[in-house]
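Q: Structure in structure tokens, see below.
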There are 2 protein chains.
Amino acid sequence: MSLDDRKLEVLRAIVEDYVETQEPVGSKALVDRHKLGVSPATVRNDMAVLEEEGYIRQPHTSAGRVPTDAGYRLFVDRLTRIKPLSPAERRAIERFMIGAVDLDDVVHRTVRLLAQLTRQVAVVQYPSLSRSAVRHLELVPISTTRLMLVMITDTGRVEQRLVEMPGPVPDRDVWDLRRRVNEKLAGQRLADTPPLVAALVDECEPASRAAMACLASLLLETLVERSEERLALAGTANLTRGGVLDFQGTLRPVLEALEEEVILLKLIGDLEPRTTRVRIGDENEIDNLRSASVVSTGYGPGATIVGGLGVLGPTRMDYPGTIATVRAVARYVGDLLAQN
Amino acid sequence: MSLDDRKLEVLRAIVEDYVETQEPVGSKALVDRHKLGVSPATVRNDMAVLEEEGYIRQPHTSAGRVPTDAGYRLFVDRLTRIKPLSPAERRAIERFMIGAVDLDDVVHRTVRLLAQLTRQVAVVQYPSLSRSAVRHLELVPISTTRLMLVMITDTGRVEQRLVEMPGPVPDRDVWDLRRRVNEKLAGQRLADTPPLVAALVDECEPASRAAMACLASLLLETLVERSEERLALAGTANLTRGGVLDFQGTLRPVLEALEEEVILLKLIGDLEPRTTRVRIGDENEIDNLRSASVVSTGYGPGATIVGGLGVLGPTRMDYPGTIATVRAVARYVGDLLAQN
DNA sequence: GACTGGCACTCTGTCCGCGGGAGTGCCAGA
DNA sequence: TCTGGCACTCCCGCGGACAGAGTGCCAGTC
């Protein structure tokens with residue numbers, strides 16, 4: 001056998017109460033707070049089964065029960081009632097995001113908004129270069145042998161890199177380079193550019209080939225291969241809510257993980273379209289985050305995904321609320337990007 | 001009377017021991033560890049005086065002594081022996097900074113380096129726009145009525161902003177605008193530009209005046225007035241070292257302060273040239289940081305200062321070491337910038 | 001067969017009292 | 001002016017006692 005409806009209901013009640021009170025919940029308290037229609041003794045029997053199945057556990061004999069990671073997982077998968085955003089939250093989103101002037105601004109506002117609404121740590125990835133298309137490439141002479149390469153993408157990102165040329169480059173040549181590069185690459189997705197860049201060099205007359213090769217290698221190396229990802233973080237102070245009880249005593253490992261961009265990108269940079277991913281405790285591959293949960297999703301204009309965003313908090317988290325908020329914010333940001 | 005040499009020596013010993021052990025230090029331990037040449041009883045008398053003068057205090061009767069903020073202040077002002085960097089530290093700086101490819105890279109490496117060397121929270125301000133000069137302004141058409149304005153400064157910063165033009169702007173006009181703007185502004189410090197920008201509009205023939213006015217107002221508003229400052233942060237995990245004893249129990253207020261760019265800028269954005277500023281505990285204007293100390297200094301190529309950097313940690317901090325490191329890193333970054 | 005009330009049991013958190021230890025302040029003497 | 005000695009104060013850690021919360025189990029009921 002496995003779990004009948006009432007046992008699931010008991011699990012839900014335990015999760016909900018524990019998330020709220022942060023204290024192990026006992027059978028008595030449970031029947032008091034929830035209309036389960038049965039006596040504490042019955043609930044105790046159900047709890048024993050739930051514990052045997054690994055969904056809840058006792059911190060110690062004769063304490064109340066606490067959900068395990070598996071318990072949260074079941075809760076999220078099967079017991080979550082979709083919780084619509086409150087009007088106040090909707091208004092907060094609008095108010096926060098209105099008047100954003102550029103991409104940087106959008107990303108920063110978004111991450112703060114997320115942190116504030118969910119009362120957790122928020123992470124927002126900038127639109128990924130590899131998923132963006134080149135809008136324009138600009139070459140600006142800095143000195144006789146140095147050019148600044150500025151790339152503007154259709155998602156609004158602006159990336160720049162200094163190019164050390166093999167020799168002096170007269171203005172005329174700069175114009176020429178700029179024209180060729182743009183003709184070839186403008187409108188192309190960055191992921192598709194490598195062969196085009198190679199072709200650019202091949203098609204070059206010998207005179208300017210050296211310069212073009214230099215430019216091309218830089219383009220490939222720094223803008224495509226290293227495919228620079230950026231992200232913004234906010235709300236670390238929220239980690240200190242609820243005492244140091246969450247995160248088993250120390251924030252240390254969590255703070256350390258949050259400093260590593262690579263880790264954060266792994267967390268929110270999952271690419272499945274239109275789904276919200278929830279990683280609970282041990283499901284996280286990163287050891288430092290074994291006591292944390294991450295809710296993340298992709299965002300982008302229309303149906304395409306250009307980047308990820310999400311929040312991180314204790315496993316003891318309001319999953320329905322957090323999931324709803326993350327989704328809503330992602331949708332809003334997507335719409336904002338679509339307006340460009 | 002006030003403090004003779006031996007009393008100062010006692011204070012120094014107390015500070016040094018307390019910083020190291022994080023425990024109140026008593027008279028006995030003091031004479032054991034330091035060659036003071038007097039007995040514990042004598043030291044006790046000196047301690048009584050130091051306490052009366054407000055430089056040390058007892059957590060409770062019959063405990064050892066702990067330096068007060070004033071004690072640290074005196075220590076920093078009068079008792080700090082300059083501590084040269086270890087060869088290992090010098091090597092770490094070199095190794096860390098070598099191969100930085102652009103300004104973003106330099107700033108990020110710097111902030112991580114600082115955090116690692118001092119084992120504290122590090123903050124680095126990007127070169128301030130208002131202290132930079134315009135190297136080049138670029139206008140890139142995004143759509144018929146939208147331009148992307150890209151500004152490159154002599155400190156390597158690249159800022160961009162979307163400009164919504166009053167009407168369609170043909171390519172010819174874009175060239176014209178770009179030429180005029182650059183002729184007028186290139187080479188000027190940003191702080192000096194407002195009258196020049198105004199002049200730009202005045203000198204414009206009526207046909208393109210509307211467009212220029214639009215561009216000008218954006219330039220003024222976002223690039224000069226709002227004088228956008230950026231900064232980088234690293235090492236927050238270091239706040240958790242030494243238990244939660246530092247910061248009187250909760251990291252909360254400190255983490256909150258670190259989220260506010262405005263606050264951080266106030267902390268490290270002090271402009272006096274070539275000095276290192278130390279703010280100890282209560283000397284901080286920000287309430288949330290009353291239990292923290294900040295060591296900051298300016299950096300820049302040659303003698304000019306273009307930005308600030310510093311570290312934040314518990315008042316119980318190794319001041320001589322931290323000051324030396326902050327200075328050394330600032331000098332190194334300055335040299336790096338000068339090479340451009 | 002499923003549910004319930006009752007009861008004994010277990011474990012935690014807390015309060016209390018009690019030394020041991022560290023450190024001080026003071027005083028008399030060198 | 002410094003020092004050794006001494007009494008005093010206060011923290012800290014330990015063990016025991018106790019109340020409270022919660023459980024597991026069992027016998028009884030529908």
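The way I read the labels, and the way they are meant: chains A, B, ... in the order of the structure tokens, residue 1 as the first residue of every chain, and ligand 1 as the first ligand shown, with later ones counted on from there.
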Could you make a table, as a tab-separated table, of the residues of chain B that have an atom within 10 Å of an atom of chain C, each with its nearest atom pair and distance in Å to one decimal, counting only C-alpha atoms (C1' of nucleotides), in chain and number order?
A:
```
residue	atom	partner	partner_atom	distance
B:Val25	CA	C:DG23	C1'	9.4
B:Gly26	CA	C:DG23	C1'	6.5
B:Ser27	CA	C:DG23	C1'	7.8
B:Lys28	CA	C:DG23	C1'	8.5
B:Ala41	CA	C:DT24	C1'	9.7
B:Arg44	CA	C:DT24	C1'	8.0
B:Asn45	CA	C:DG25	C1'	9.1
B:Ala48	CA	C:DG25	C1'	9.4
B:Thr61	CA	C:DT24	C1'	7.4
B:Ser62	CA	C:DG23	C1'	4.8
B:Ala63	CA	C:DG23	C1'	5.6
B:Gly64	CA	C:DG23	C1'	6.4
B:Arg65	CA	C:DG23	C1'	9.7
```
Q: Using only C-alpha atoms, find the residues of chain A whose closest atom to chain B is at most 8 Å away, then write them as a list in words.
A: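 Taken together, these residues fit the definition: Val101, Asp102, Arg135, His136, Glu138, Val140, Ile142, Val158, Gln160, Arg161, Leu162, Ala234, Gly235, Thr236, Ala237, Asn238, Thr240, Thr250, Leu251, Arg252, Pro253, Leu255, Glu256 and Glu259 of chain A.
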Q: Taking only region 32-267 of chain A into account, list the residues labelled strand (DSSP E) by DSSP (computed from the backbone), as a ChimeraX atom specification.
A: /A:56-57,66-67,121-125,134-143,146-153,158-164,231-234
Q: Here is a test: counting only C-alpha atoms, which residue of A:Gln116, A:Pro166, A:Cys204, A:Ala29 is nearest to Arg146 (chain A)?
A: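 Ranked by minimum distance to Arg146 (chain A), first place goes to A:Pro166.
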Q: Have a look at D:DC8, D:DC30, D:DT23, D:DA17 and name the one nearest to chain B; count only C-alpha atoms (C1' of nucleotides).
A: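 Of D:DC8, D:DC30, D:DT23, D:DA17, the one nearest chain B, counting only C-alpha atoms (C1' of nucleotides), is D:DC8.
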